[in-house]
file data-v1.cif (mmCIF, C-alpha atoms and all ligand atoms)
data_data
#
loop_
_atom_site.label_atom_id
_atom_site.label_comp_id
_atom_site.auth_asym_id
_atom_site.auth_seq_id
_atom_site.Cartn_x
_atom_site.Cartn_y
_atom_site.Cartn_z
CA MET A 1015 -198.95 -91.95 -20.39
CA ARG A 1016 -195.27 -92.71 -19.79
CA VAL A 1017 -193.83 -90.29 -17.25
CA LEU A 1018 -190.13 -90.22 -16.52
CA VAL A 1019 -189.00 -88.39 -13.40
CA ILE A 1020 -185.26 -87.77 -13.26
CA GLY A 1021 -183.74 -87.23 -9.83
CA ALA A 1022 -184.85 -89.11 -6.70
CA GLY A 1023 -184.43 -86.29 -4.20
CA PRO A 1024 -187.44 -84.98 -2.27
CA ALA A 1025 -188.95 -83.15 -5.26
CA GLY A 1026 -188.63 -86.03 -7.73
CA THR A 1027 -189.77 -88.70 -5.28
CA ARG A 1028 -192.80 -86.66 -4.19
CA CYS A 1029 -193.68 -85.98 -7.82
CA ALA A 1030 -193.38 -89.64 -8.86
CA THR A 1031 -195.48 -91.05 -6.01
CA ARG A 1032 -198.19 -88.39 -6.35
CA LEU A 1033 -198.35 -88.84 -10.12
CA ALA A 1034 -198.83 -92.57 -9.80
CA ALA A 1035 -201.71 -91.91 -7.38
CA ARG A 1036 -203.30 -89.04 -9.32
CA VAL A 1037 -203.04 -89.99 -12.99
CA PRO A 1038 -204.87 -93.23 -13.77
CA GLY A 1039 -202.95 -95.45 -16.15
CA ALA A 1040 -199.73 -93.43 -15.88
CA GLU A 1041 -196.56 -95.51 -16.10
CA VAL A 1042 -194.25 -93.68 -13.72
CA THR A 1043 -190.50 -94.34 -13.66
CA LEU A 1044 -188.17 -92.59 -11.21
CA LEU A 1045 -184.48 -92.51 -12.15
CA GLY A 1046 -181.90 -91.52 -9.56
CA ALA A 1047 -178.18 -91.03 -10.10
CA GLU A 1048 -177.40 -91.95 -6.49
CA ALA A 1049 -177.17 -95.63 -5.59
CA ALA A 1050 -179.31 -95.16 -2.46
CA LEU A 1051 -183.05 -95.50 -1.94
CA PRO A 1052 -184.73 -92.08 -1.70
CA TYR A 1053 -183.58 -90.50 1.58
CA ASP A 1054 -184.10 -87.34 3.57
CA ARG A 1055 -181.25 -85.05 2.56
CA VAL A 1056 -182.21 -82.56 5.26
CA ARG A 1057 -181.39 -85.18 7.93
CA LEU A 1058 -177.85 -85.84 6.68
CA SER A 1059 -176.74 -83.54 9.50
CA GLN A 1060 -178.30 -85.94 12.03
CA LEU A 1061 -176.43 -88.81 10.38
CA LEU A 1062 -173.23 -86.84 10.74
CA THR A 1063 -173.77 -86.14 14.44
CA GLY A 1064 -174.79 -89.76 15.07
CA GLU A 1065 -178.39 -88.82 15.99
CA SER A 1066 -179.63 -90.94 13.05
CA ASP A 1067 -178.37 -93.93 11.09
CA ILE A 1068 -178.73 -94.56 7.35
CA PRO A 1069 -181.93 -96.67 7.62
CA GLY A 1070 -183.43 -93.78 9.64
CA LEU A 1071 -182.92 -91.48 6.67
CA ILE A 1072 -184.65 -93.63 4.05
CA THR A 1073 -188.02 -92.16 3.12
CA HIS A 1074 -189.20 -94.77 0.59
CA GLU A 1075 -188.40 -98.48 0.53
CA LEU A 1076 -188.36 -100.24 -2.84
CA ALA A 1077 -191.46 -102.27 -1.99
CA ALA A 1078 -193.37 -99.14 -0.94
CA LEU A 1079 -192.47 -97.41 -4.21
CA ALA A 1080 -193.58 -100.45 -6.21
CA ALA A 1081 -196.83 -100.61 -4.22
CA ALA A 1082 -197.37 -96.92 -4.94
CA GLY A 1083 -197.03 -97.66 -8.67
CA VAL A 1084 -193.54 -96.21 -9.16
CA ARG A 1085 -190.77 -98.08 -10.94
CA PHE A 1086 -187.57 -96.92 -9.23
CA ARG A 1087 -184.15 -97.26 -10.78
CA PRO A 1088 -181.30 -96.16 -8.52
CA GLY A 1089 -177.76 -95.67 -9.84
CA THR A 1090 -179.17 -94.48 -13.15
CA ALA A 1091 -177.83 -91.11 -14.28
CA VAL A 1092 -179.41 -89.56 -17.35
CA ALA A 1093 -176.80 -88.29 -19.80
CA ALA A 1094 -178.91 -86.66 -22.53
CA ILE A 1095 -182.43 -85.69 -23.53
CA ASP A 1096 -183.58 -86.11 -27.15
CA ARG A 1097 -186.60 -83.83 -27.29
CA ALA A 1098 -187.48 -84.64 -30.90
CA ALA A 1099 -187.65 -88.37 -30.11
CA ARG A 1100 -189.13 -87.76 -26.61
CA ALA A 1101 -186.53 -90.04 -25.09
CA VAL A 1102 -183.62 -89.84 -22.64
CA ARG A 1103 -180.32 -91.67 -22.81
CA THR A 1104 -178.79 -92.96 -19.59
CA ALA A 1105 -175.08 -92.89 -18.82
CA ARG A 1106 -175.06 -96.61 -19.61
CA GLY A 1107 -176.46 -95.94 -23.09
CA GLU A 1108 -180.01 -97.17 -22.48
CA VAL A 1109 -182.78 -95.21 -24.24
CA LEU A 1110 -186.07 -94.60 -22.39
CA ALA A 1111 -189.08 -92.98 -24.06
CA TYR A 1112 -191.45 -90.57 -22.34
CA ASP A 1113 -194.67 -88.70 -22.94
CA ARG A 1114 -193.95 -86.37 -20.01
CA LEU A 1115 -190.52 -85.75 -18.52
CA VAL A 1116 -189.94 -84.20 -15.09
CA LEU A 1117 -186.47 -82.89 -14.29
CA ALA A 1118 -185.85 -82.90 -10.52
CA LEU A 1119 -182.06 -82.74 -10.69
CA GLY A 1120 -181.38 -80.63 -7.59
CA SER A 1121 -178.09 -78.77 -7.19
CA SER A 1122 -174.42 -79.59 -6.94
CA ALA A 1123 -172.13 -78.27 -4.22
CA LEU A 1124 -169.79 -75.54 -5.40
CA ARG A 1125 -166.09 -75.94 -4.91
CA LEU A 1126 -163.82 -72.91 -4.67
CA PRO A 1127 -161.21 -72.94 -7.44
CA LEU A 1128 -158.35 -73.11 -4.91
CA PRO A 1129 -154.86 -74.47 -5.31
CA GLY A 1130 -155.02 -77.91 -3.68
CA GLY A 1131 -158.83 -77.98 -3.90
CA ASP A 1132 -158.79 -81.48 -5.37
CA LEU A 1133 -156.50 -83.05 -2.75
CA PRO A 1134 -157.83 -86.22 -1.11
CA GLY A 1135 -159.62 -85.23 2.10
CA VAL A 1136 -161.29 -82.15 0.59
CA LEU A 1137 -165.02 -82.87 0.55
CA ALA A 1138 -168.35 -81.29 -0.28
CA TYR A 1139 -171.52 -81.62 1.81
CA ARG A 1140 -174.46 -82.54 -0.36
CA ASP A 1141 -175.21 -86.23 -0.35
CA LEU A 1142 -174.94 -89.51 1.48
CA ASP A 1143 -171.58 -90.33 -0.10
CA ASP A 1144 -170.17 -87.04 1.21
CA VAL A 1145 -171.22 -87.94 4.77
CA ARG A 1146 -169.82 -91.44 4.42
CA ALA A 1147 -166.50 -89.91 3.29
CA MET A 1148 -166.50 -87.49 6.25
CA LEU A 1149 -167.16 -90.31 8.72
CA ARG A 1150 -164.33 -92.37 7.21
CA LEU A 1151 -161.87 -89.52 7.65
CA ALA A 1152 -163.09 -88.11 10.97
CA ALA A 1153 -160.89 -89.99 13.42
CA PRO A 1154 -161.45 -88.70 16.99
CA GLY A 1155 -158.93 -86.02 17.90
CA GLY A 1156 -158.35 -85.15 14.25
CA ARG A 1157 -158.58 -81.64 12.88
CA ALA A 1158 -161.24 -80.50 10.46
CA VAL A 1159 -161.68 -77.19 8.69
CA VAL A 1160 -165.07 -76.19 7.32
CA ILE A 1161 -164.94 -73.50 4.64
CA GLY A 1162 -168.18 -71.52 4.77
CA GLY A 1163 -170.11 -70.46 7.87
CA GLY A 1164 -173.58 -70.65 6.36
CA LEU A 1165 -176.30 -72.98 7.60
CA LEU A 1166 -174.81 -76.04 5.97
CA GLY A 1167 -171.25 -75.26 7.04
CA LEU A 1168 -172.32 -74.87 10.67
CA GLU A 1169 -174.25 -78.14 10.61
CA ALA A 1170 -171.16 -79.85 9.16
CA ALA A 1171 -169.00 -78.27 11.88
CA VAL A 1172 -171.32 -79.38 14.69
CA GLY A 1173 -171.52 -82.90 13.24
CA LEU A 1174 -167.76 -83.23 12.95
CA ALA A 1175 -167.28 -81.83 16.46
CA ALA A 1176 -169.77 -84.45 17.72
CA ARG A 1177 -167.49 -87.04 16.11
CA GLY A 1178 -164.55 -85.81 18.18
CA GLN A 1179 -162.97 -83.53 15.58
CA ARG A 1180 -161.33 -80.24 16.51
CA VAL A 1181 -163.16 -77.98 14.07
CA THR A 1182 -162.44 -74.50 12.71
CA VAL A 1183 -164.98 -72.70 10.52
CA VAL A 1184 -163.51 -70.26 8.02
CA HIS A 1185 -166.04 -67.60 7.06
CA ALA A 1186 -165.58 -64.59 4.80
CA LEU A 1187 -167.89 -62.28 6.78
CA ASP A 1188 -167.98 -60.95 10.34
CA TRP A 1189 -170.67 -63.34 11.58
CA PRO A 1190 -172.00 -66.75 10.51
CA MET A 1191 -175.27 -67.41 8.67
CA GLU A 1192 -175.41 -63.81 7.51
CA ARG A 1193 -178.14 -64.65 5.01
CA GLN A 1194 -180.48 -65.70 7.82
CA LEU A 1195 -179.15 -63.81 10.86
CA ASP A 1196 -178.32 -60.22 11.69
CA ARG A 1197 -175.01 -59.36 13.33
CA VAL A 1198 -176.27 -59.72 16.91
CA ALA A 1199 -177.88 -63.13 16.44
CA GLY A 1200 -174.89 -64.29 14.40
CA GLY A 1201 -172.54 -63.18 17.18
CA LEU A 1202 -174.60 -65.02 19.81
CA LEU A 1203 -174.54 -68.15 17.70
CA ALA A 1204 -170.78 -67.98 17.14
CA GLY A 1205 -170.33 -67.59 20.90
CA ARG A 1206 -172.56 -70.57 21.65
CA LEU A 1207 -170.80 -72.81 19.13
CA GLY A 1208 -167.44 -71.57 20.41
CA GLY A 1209 -168.49 -72.90 23.80
CA ARG A 1210 -168.85 -76.30 22.19
CA GLY A 1211 -165.26 -76.18 20.96
CA ILE A 1212 -165.86 -74.94 17.42
CA ALA A 1213 -163.40 -72.19 16.52
CA PHE A 1214 -164.10 -69.45 13.97
CA ALA A 1215 -161.63 -67.76 11.63
CA MET A 1216 -163.77 -64.76 10.71
CA PRO A 1217 -163.61 -62.67 8.62
CA ALA A 1218 -161.09 -64.71 6.69
CA LYS A 1219 -160.60 -66.02 3.19
CA THR A 1220 -159.08 -69.29 2.15
CA MET A 1221 -156.18 -68.82 -0.26
CA ALA A 1222 -155.06 -72.42 -0.74
CA ILE A 1223 -155.42 -75.95 0.52
CA GLU A 1224 -152.05 -77.51 1.22
CA GLY A 1225 -150.75 -81.04 1.48
CA THR A 1226 -148.70 -83.74 -0.19
CA GLY A 1227 -150.94 -86.52 -1.46
CA GLN A 1228 -153.54 -85.67 1.25
CA VAL A 1229 -154.88 -82.45 2.73
CA GLU A 1230 -152.71 -81.14 5.58
CA ALA A 1231 -153.63 -77.48 6.07
CA VAL A 1232 -155.78 -74.59 4.95
CA ARG A 1233 -153.90 -71.37 4.19
CA LEU A 1234 -155.74 -68.13 4.99
CA ASP A 1235 -155.34 -64.65 3.52
CA ASP A 1236 -153.72 -63.41 6.75
CA GLY A 1237 -150.96 -65.98 6.29
CA ARG A 1238 -152.14 -68.42 8.95
CA ALA A 1239 -152.12 -72.14 8.16
CA LEU A 1240 -154.87 -74.14 9.90
CA PRO A 1241 -153.82 -77.80 10.23
CA ALA A 1242 -156.47 -80.11 8.75
CA ASP A 1243 -156.93 -83.84 8.17
CA LEU A 1244 -160.27 -83.12 6.58
CA VAL A 1245 -161.69 -80.06 4.80
CA VAL A 1246 -165.36 -79.55 4.02
CA GLN A 1247 -166.30 -76.91 1.49
CA ALA A 1248 -169.77 -75.53 2.20
CA VAL A 1249 -169.71 -72.48 -0.03
CA GLY A 1250 -172.98 -72.70 -1.90
CA VAL A 1251 -174.63 -74.69 -4.64
CA ARG A 1252 -175.25 -74.51 -8.36
CA PRO A 1253 -178.56 -75.77 -9.83
CA ASN A 1254 -178.07 -78.79 -12.11
CA ALA A 1255 -179.23 -77.26 -15.38
CA ALA A 1256 -176.62 -78.53 -17.88
CA LEU A 1257 -178.73 -81.49 -19.05
CA ALA A 1258 -181.58 -79.14 -19.97
CA ALA A 1259 -179.26 -76.57 -21.56
CA ALA A 1260 -177.70 -79.28 -23.76
CA ALA A 1261 -181.22 -80.20 -24.92
CA GLY A 1262 -181.81 -76.60 -26.00
CA LEU A 1263 -184.12 -75.60 -23.15
CA PRO A 1264 -183.84 -72.04 -21.82
CA VAL A 1265 -181.60 -71.93 -18.76
CA GLY A 1266 -180.61 -69.03 -16.51
CA ARG A 1267 -179.22 -69.96 -13.11
CA GLY A 1268 -181.66 -72.89 -13.22
CA ILE A 1269 -183.99 -74.43 -15.80
CA VAL A 1270 -186.52 -71.76 -16.71
CA VAL A 1271 -190.13 -72.73 -15.91
CA ASP A 1272 -193.55 -71.06 -15.96
CA ASP A 1273 -196.07 -70.95 -13.10
CA ALA A 1274 -197.08 -74.57 -13.81
CA MET A 1275 -193.40 -75.65 -13.57
CA ARG A 1276 -193.33 -76.32 -17.33
CA THR A 1277 -190.21 -75.58 -19.34
CA ALA A 1278 -190.33 -74.07 -22.83
CA ASP A 1279 -191.07 -77.62 -24.06
CA PRO A 1280 -194.64 -78.43 -22.94
CA ALA A 1281 -193.74 -82.12 -22.45
CA ILE A 1282 -190.93 -81.27 -20.00
CA TYR A 1283 -191.25 -79.96 -16.44
CA ALA A 1284 -188.56 -78.88 -13.97
CA ILE A 1285 -189.05 -78.79 -10.19
CA GLY A 1286 -187.04 -78.27 -7.03
CA GLU A 1287 -183.60 -76.72 -6.82
CA CYS A 1288 -182.83 -77.19 -10.55
CA ALA A 1289 -185.77 -74.99 -11.59
CA GLU A 1290 -185.80 -71.22 -12.03
CA HIS A 1291 -189.16 -69.53 -11.61
CA ALA A 1292 -189.59 -65.78 -12.22
CA GLY A 1293 -185.83 -65.30 -12.15
CA ARG A 1294 -185.33 -67.12 -8.83
CA THR A 1295 -184.18 -70.55 -7.77
CA ILE A 1296 -185.06 -72.14 -4.42
CA GLY A 1297 -182.80 -73.74 -1.82
CA LEU A 1298 -185.19 -75.36 0.66
CA VAL A 1299 -187.22 -78.52 0.76
CA ALA A 1300 -190.69 -77.05 1.45
CA PRO A 1301 -190.96 -75.10 -1.82
CA ALA A 1302 -189.42 -78.05 -3.71
CA LEU A 1303 -192.28 -80.27 -2.49
CA GLN A 1304 -194.88 -77.62 -3.37
CA GLN A 1305 -193.44 -77.37 -6.88
CA ALA A 1306 -193.69 -81.15 -7.19
CA GLU A 1307 -197.40 -80.96 -6.32
CA VAL A 1308 -197.96 -78.22 -8.91
CA ALA A 1309 -196.24 -80.25 -11.65
CA VAL A 1310 -198.43 -83.24 -10.75
CA GLN A 1311 -201.58 -81.11 -11.02
CA SER A 1312 -200.48 -79.74 -14.36
CA ILE A 1313 -199.60 -83.17 -15.78
CA ALA A 1314 -202.97 -84.42 -14.50
CA GLY A 1315 -204.57 -81.74 -16.68
CA GLU A 1316 -205.55 -79.14 -14.07
CA ALA A 1317 -205.35 -75.85 -15.95
CA ALA A 1318 -205.30 -73.87 -12.70
CA ALA A 1319 -202.02 -75.39 -11.42
CA ARG A 1320 -199.83 -72.49 -10.30
CA TRP A 1321 -196.81 -72.23 -8.04
CA ARG A 1322 -196.52 -69.07 -5.96
CA PRO A 1323 -193.37 -68.50 -3.90
CA ALA A 1324 -193.85 -67.91 -0.18
CA ALA A 1325 -191.42 -66.39 2.34
CA ASP A 1326 -188.44 -68.65 2.99
CA ALA A 1327 -187.91 -69.86 6.54
CA ALA A 1328 -184.83 -71.68 7.76
CA ALA A 1329 -183.81 -73.19 11.07
CA LEU A 1330 -180.41 -74.42 12.18
CA LYS A 1331 -180.77 -78.11 13.10
CA VAL A 1332 -178.34 -78.17 16.00
CA SER A 1333 -179.66 -79.58 19.25
CA GLY A 1334 -179.56 -77.10 22.11
CA THR A 1335 -179.40 -74.10 19.77
CA ALA A 1336 -182.73 -72.63 18.69
CA VAL A 1337 -182.16 -70.38 15.67
CA TRP A 1338 -184.81 -69.48 13.12
CA SER A 1339 -185.18 -66.84 10.47
CA ALA A 1340 -187.70 -65.98 7.77
CA GLY A 1341 -188.42 -63.45 5.07
CA ASP A 1342 -186.35 -60.42 4.14
CA ILE A 1343 -183.85 -59.35 6.77
CA ALA A 1344 -181.45 -57.52 4.47
CA GLY A 1345 -183.40 -54.72 2.76
CA GLU A 1346 -184.26 -51.27 4.17
CA ALA A 1347 -186.72 -51.77 7.00
CA GLU A 1348 -187.78 -50.54 10.44
CA ALA A 1349 -186.71 -52.92 13.16
CA ILE A 1350 -188.13 -53.91 16.54
CA THR A 1351 -185.70 -55.74 18.82
CA LEU A 1352 -186.01 -57.68 22.05
CA HIS A 1353 -182.83 -58.87 23.73
CA ASP A 1354 -182.64 -60.73 27.04
CA ASP A 1355 -178.90 -61.01 27.64
CA ASP A 1356 -179.03 -63.39 30.58
CA ALA A 1357 -181.45 -65.81 29.00
CA GLU A 1358 -179.67 -65.49 25.63
CA HIS A 1359 -182.95 -64.75 23.92
CA TYR A 1360 -182.96 -62.36 21.02
CA ARG A 1361 -185.48 -61.46 18.39
CA ARG A 1362 -185.58 -58.83 15.72
CA LEU A 1363 -188.56 -58.04 13.56
CA PHE A 1364 -188.26 -56.21 10.24
CA LEU A 1365 -191.19 -54.04 9.16
CA ARG A 1366 -191.92 -52.23 5.95
CA GLU A 1367 -195.03 -50.15 5.24
CA ASP A 1368 -196.73 -51.49 8.35
CA ARG A 1369 -196.19 -55.12 7.37
CA LEU A 1370 -193.86 -57.71 8.90
CA VAL A 1371 -191.39 -58.65 6.16
CA GLY A 1372 -188.68 -60.55 8.04
CA CYS A 1373 -187.80 -62.00 11.41
CA VAL A 1374 -184.83 -63.43 13.30
CA LEU A 1375 -185.35 -65.55 16.41
CA TYR A 1376 -182.46 -66.71 18.58
CA GLY A 1377 -182.76 -68.78 21.75
CA ASP A 1378 -186.56 -69.09 21.71
CA THR A 1379 -188.21 -70.03 18.44
CA ALA A 1380 -191.66 -70.93 19.80
CA ASP A 1381 -193.23 -68.01 17.91
CA ALA A 1382 -191.77 -68.98 14.51
CA GLY A 1383 -195.13 -70.13 13.12
CA TYR A 1384 -196.87 -66.98 14.30
CA TYR A 1385 -194.37 -64.67 12.62
CA LEU A 1386 -194.19 -66.75 9.45
CA ASP A 1387 -197.95 -66.51 9.16
CA LEU A 1388 -197.81 -62.71 9.57
CA ILE A 1389 -195.08 -62.42 6.92
CA GLY A 1390 -196.97 -64.69 4.53
CA SER A 1391 -200.36 -63.01 4.97
CA GLY A 1392 -198.99 -59.47 4.70
CA ARG A 1393 -201.55 -58.36 7.33
CA PRO A 1394 -201.06 -54.79 8.66
CA VAL A 1395 -199.46 -54.96 12.10
CA ALA A 1396 -200.10 -51.38 13.33
CA PRO A 1397 -202.88 -52.47 15.74
CA ILE A 1398 -200.57 -54.93 17.53
CA ARG A 1399 -197.25 -53.23 16.98
CA HIS A 1400 -196.64 -52.39 20.65
CA SER A 1401 -196.74 -56.05 21.65
CA LEU A 1402 -195.68 -57.71 18.39
CA VAL A 1403 -192.18 -58.51 19.57
CA PHE A 1404 -193.54 -60.52 22.52
CA GLY A 1405 -195.11 -63.07 20.20
CA ALA A 1406 -198.44 -64.80 19.85
CA ALA A 1407 -199.25 -65.23 23.54
CA LEU A 1408 -199.70 -61.48 24.11
CA GLN A 1409 -201.97 -60.88 21.11
CA PRO A 1410 -205.72 -60.46 21.28
CA VAL A 1411 -207.43 -63.59 19.94
CA ALA A 1412 -208.61 -61.86 16.77
CA ALA A 1413 -205.13 -60.58 15.84
C1 LIG A 1501 -176.88 -81.42 4.70
C2 LIG A 1501 -178.07 -80.68 4.20
C3 LIG A 1501 -179.01 -80.16 5.10
C4 LIG A 1501 -180.12 -79.48 4.64
N1 LIG A 1501 -180.99 -78.99 5.56
C5 LIG A 1501 -182.12 -78.38 5.12
C6 LIG A 1501 -183.11 -77.93 6.03
O1 LIG A 1501 -182.95 -78.03 7.26
N2 LIG A 1501 -184.25 -77.38 5.54
C7 LIG A 1501 -184.46 -77.27 4.20
O2 LIG A 1501 -185.53 -76.80 3.80
N3 LIG A 1501 -183.53 -77.65 3.30
C8 LIG A 1501 -182.37 -78.21 3.72
N4 LIG A 1501 -181.43 -78.63 2.81
C9 LIG A 1501 -181.68 -78.39 1.37
C10 LIG A 1501 -182.60 -79.49 0.83
O3 LIG A 1501 -181.99 -80.74 1.05
C11 LIG A 1501 -182.82 -79.26 -0.65
O4 LIG A 1501 -183.49 -78.02 -0.82
C12 LIG A 1501 -183.68 -80.36 -1.26
O5 LIG A 1501 -183.04 -81.60 -1.15
C13 LIG A 1501 -183.94 -80.06 -2.74
O6 LIG A 1501 -184.64 -81.13 -3.30
P1 LIG A 1501 -184.51 -81.50 -4.84
O7 LIG A 1501 -185.31 -82.75 -5.01
O8 LIG A 1501 -184.82 -80.32 -5.66
O9 LIG A 1501 -182.96 -81.79 -5.10
P2 LIG A 1501 -181.96 -82.87 -4.49
O10 LIG A 1501 -182.35 -83.23 -3.11
O11 LIG A 1501 -180.59 -82.34 -4.75
O12 LIG A 1501 -182.19 -84.16 -5.39
C14 LIG A 1501 -181.80 -84.21 -6.74
C15 LIG A 1501 -181.42 -85.62 -7.09
O13 LIG A 1501 -181.26 -85.71 -8.51
C16 LIG A 1501 -180.16 -86.53 -8.80
N5 LIG A 1501 -179.67 -86.21 -10.15
C17 LIG A 1501 -178.99 -85.11 -10.56
N6 LIG A 1501 -178.69 -85.21 -11.87
C18 LIG A 1501 -179.18 -86.39 -12.29
C19 LIG A 1501 -179.17 -87.06 -13.54
N7 LIG A 1501 -178.61 -86.54 -14.64
N8 LIG A 1501 -179.76 -88.29 -13.62
C20 LIG A 1501 -180.36 -88.85 -12.54
N9 LIG A 1501 -180.39 -88.26 -11.32
C21 LIG A 1501 -179.81 -87.04 -11.21
C22 LIG A 1501 -179.16 -86.19 -7.70
O14 LIG A 1501 -178.22 -87.23 -7.56
C23 LIG A 1501 -180.08 -86.05 -6.49
O15 LIG A 1501 -180.23 -87.28 -5.82
C24 LIG A 1501 -180.30 -79.29 3.24
C25 LIG A 1501 -179.36 -79.80 2.34
C26 LIG A 1501 -178.26 -80.47 2.79
C27 LIG A 1501 -177.25 -81.00 1.80
#

call {"tool": "encode", "arguments": {"input": "data-v1.cif", "output": "structure tokens"}}
result
Amino acid sequence: MRVLVIGAGPAGTRCATRLAARVPGAEVTLLGAEAALPYDRVRLSQLLTGESDIPGLITHELAALAAAGVRFRPGTAVAAIDRAARAVRTARGEVLAYDRLVLALGSSALRLPLPGGDLPGVLAYRDLDDVRAMLRLAAPGGRAVVIGGGLLGLEAAVGLAARGQRVTVVHALDWPMERQLDRVAGGLLAGRLGGRGIAFAMPAKTMAIEGTGQVEAVRLDDGRALPADLVVQAVGVRPNAALAAAAGLPVGRGIVVDDAMRTADPAIYAIGECAEHAGRTIGLVAPALQQAEVAVQSIAGEAAARWRPAADAAALKVSGTAVWSAGDIAGEAEAITLHDDDAEHYRRLFLREDRLVGCVLYGDTADAGYYLDLIGSGRPVAPIRHSLVFGAALQPVAA
């Protein structure tokens, strides 16, 4: 069986190596548009701060892939899928046949359609080339503006500050990371990052990026111009679904798949951030890897292969700042809060119908696993409600 896996991010690489191990006689080829060996995208933030170097990010060397039975071709973007011929065409015009095709195309960073948005010095934050470009431009003492105060924007801001940049984060809402944090935790985080020299323009909207031949400033809706030698847009992502749409596969926000991660064409699977399952796309690495495993099982002929979404959990990877959040923190819910002002510890639990549905931890995240387990299991929490906010240590062993 010839299996082509397109996209050498975490989902595609996991899928290719597991397939080669699981399916005897499978000829597995992994095609990646990026020139690099498969690397840990999640750790790009450590590369930016200087806590890691590029070799430290590589997850699979060429020899290891070959030994695992995977033929890896970097710098090979796929331009079209011919479903009738069961073949793909690469951007260089090469035609490669498949019996099973796995699309692991990830997402692309969104760019706001702003005047000046394509000036040199305006960057996205998605891949190794983006970080290389930031490091080239980030001369110590320079000024950087990060548009977007979500998780990625804050990690970019901290990384650039670590490189000696004077950084301002422009965020449209009243507090950063509003998808993961409530107002109190977001305010604490903004204060902590402010102490490290990162300024916030918040709430504020970017109206234009200004400069002559190179970015010079970011213009806000209140009229202010923030001087900038470098602008990073961290305003969200769009699943890469165009290749599948052009091949006539159903596409919503992502490539539509069933529980086994199969598209409408039984020979074609989609996994990771490019896939849309039950109307939802994912944005984290853990579910992307689980989806890869499910696709492998299905291709290996296991009829029971099913992907079931679990509660999302996200942590900010900034040393000295413990921030973690999981589940639903936005819907109607009862809340239990613990706030130790002096220690800068804060936690808020969200309960619905006697179940823990969401959680925000700031300052002390040691109980993250405990709460994630409670959210995932949906166990009733009434018997331990009085002590729930104090975490695992205060619970009876059976709880
Ligand atoms: C800086 C940063 C920090 C992050 N931190 C975290 C974190 O702490 N925790 C977490 O869970 N998630 C984090 N994420 C998100 C996480 O990286 C993604 O969820 C994960 O990478 C998704 O994996 P994927 O394989 O689906 O897609 P991707 O990693 O995007 O990989 C897709 C690959 O497919 C390639 N491709 C696309 N089109 C083609 C084509 N036509 N032909 C060939 N190749 C193609 C792309 O070049 C890319 O290399 C972070 C992301 C970034 C950018």

call {"tool": "atom_distance", "arguments": {"input": "data-v1.cif", "atom1": "CA of Gly1227 (chain A)", "atom2": "CA of Leu1133 (chain A)"}}
result
6.7 Å

call {"tool": "closest_residue", "arguments": {"input": "data-v1.cif", "among": "A:Arg1157, A:Arg1267, A:Arg1103, A:Arg1238", "to": "ligand LIG 1501 (chain A)", "atoms": "all atoms listed in the file"}}
result
A:Arg1103

call {"tool": "residues_around", "arguments": {"input": "data-v1.cif", "residues": "Val1084 (chain A)", "least_positions_apart": "6", "cutoff": "9 Å", "atoms": "all atoms listed in the file", "output": "PDB file with C-alpha atoms, in the coordinates of the input"}}
result
ATOM      1  CA  ALA A1030    -193.380 -89.640  -8.860  1.00  0.00           C
ATOM      2  CA  THR A1031    -195.480 -91.050  -6.010  1.00  0.00           C
ATOM      3  CA  LEU A1033    -198.350 -88.840 -10.120  1.00  0.00           C
ATOM      4  CA  ALA A1034    -198.830 -92.570  -9.800  1.00  0.00           C
ATOM      5  CA  GLU A1041    -196.560 -95.510 -16.100  1.00  0.00           C
ATOM      6  CA  VAL A1042    -194.250 -93.680 -13.720  1.00  0.00           C
ATOM      7  CA  THR A1043    -190.500 -94.340 -13.660  1.00  0.00           C
ATOM      8  CA  LEU A1044    -188.170 -92.590 -11.210  1.00  0.00           C
ATOM      9  CA  ALA A1078    -193.370 -99.140  -0.940  1.00  0.00           C
TER      10      ALA A1078
END

call {"tool": "closest_residue", "arguments": {"input": "data-v1.cif", "among": "A:Asp1368, A:Glu1230, A:Glu1048, A:Asp1096", "to": "ligand LIG 1501 (chain A)", "atoms": "all atoms listed in the file"}}
result
A:Glu1048

call {"tool": "atom_distance", "arguments": {"input": "data-v1.cif", "atom1": "CA of Pro1038 (chain A)", "atom2": "CA of Ala1094 (chain A)"}}
result
28.2 Å

call {"tool": "closest_residue", "arguments": {"input": "data-v1.cif", "among": "A:Val1116, A:Ala1186, A:Leu1370, A:Met1015", "to": "ligand LIG 1501 (chain A)", "atoms": "all atoms listed in the file"}}
result
A:Val1116

call {"tool": "closest_atom_pairs", "arguments": {"input": "data-v1.cif", "of": "region 1031-1105 of chain A", "to": "region 1276-1280 of chain A", "cutoff": "12 Å", "atoms": "only C-alpha atoms", "output": "CSV"}}
result
residue,atom,partner,partner_atom,distance
A:Ile1095,CA,A:Asp1279,CA,11.8
A:Asp1096,CA,A:Asp1279,CA,11.7
A:Arg1097,CA,A:Asp1279,CA,8.3
A:Ala1098,CA,A:Asp1279,CA,10.4
A:Arg1100,CA,A:Asp1279,CA,10.6

call {"tool": "residues_around", "arguments": {"input": "data-v1.cif", "residues": "Leu1137 (chain A)", "least_positions_apart": "4", "cutoff": "8 Å", "atoms": "only C-alpha atoms", "output": "list in words"}}
result
Asp1144, Ala1147, Met1148, Leu1244, Val1245, Val1246 and Gln1247 of chain A

call {"tool": "closest_residue", "arguments": {"input": "data-v1.cif", "among": "A:Ala1123, A:Thr1335, A:Val1159, A:Gly1178", "to": "Pro1253 (chain A)", "atoms": "all atoms listed in the file"}}
result
A:Ala1123
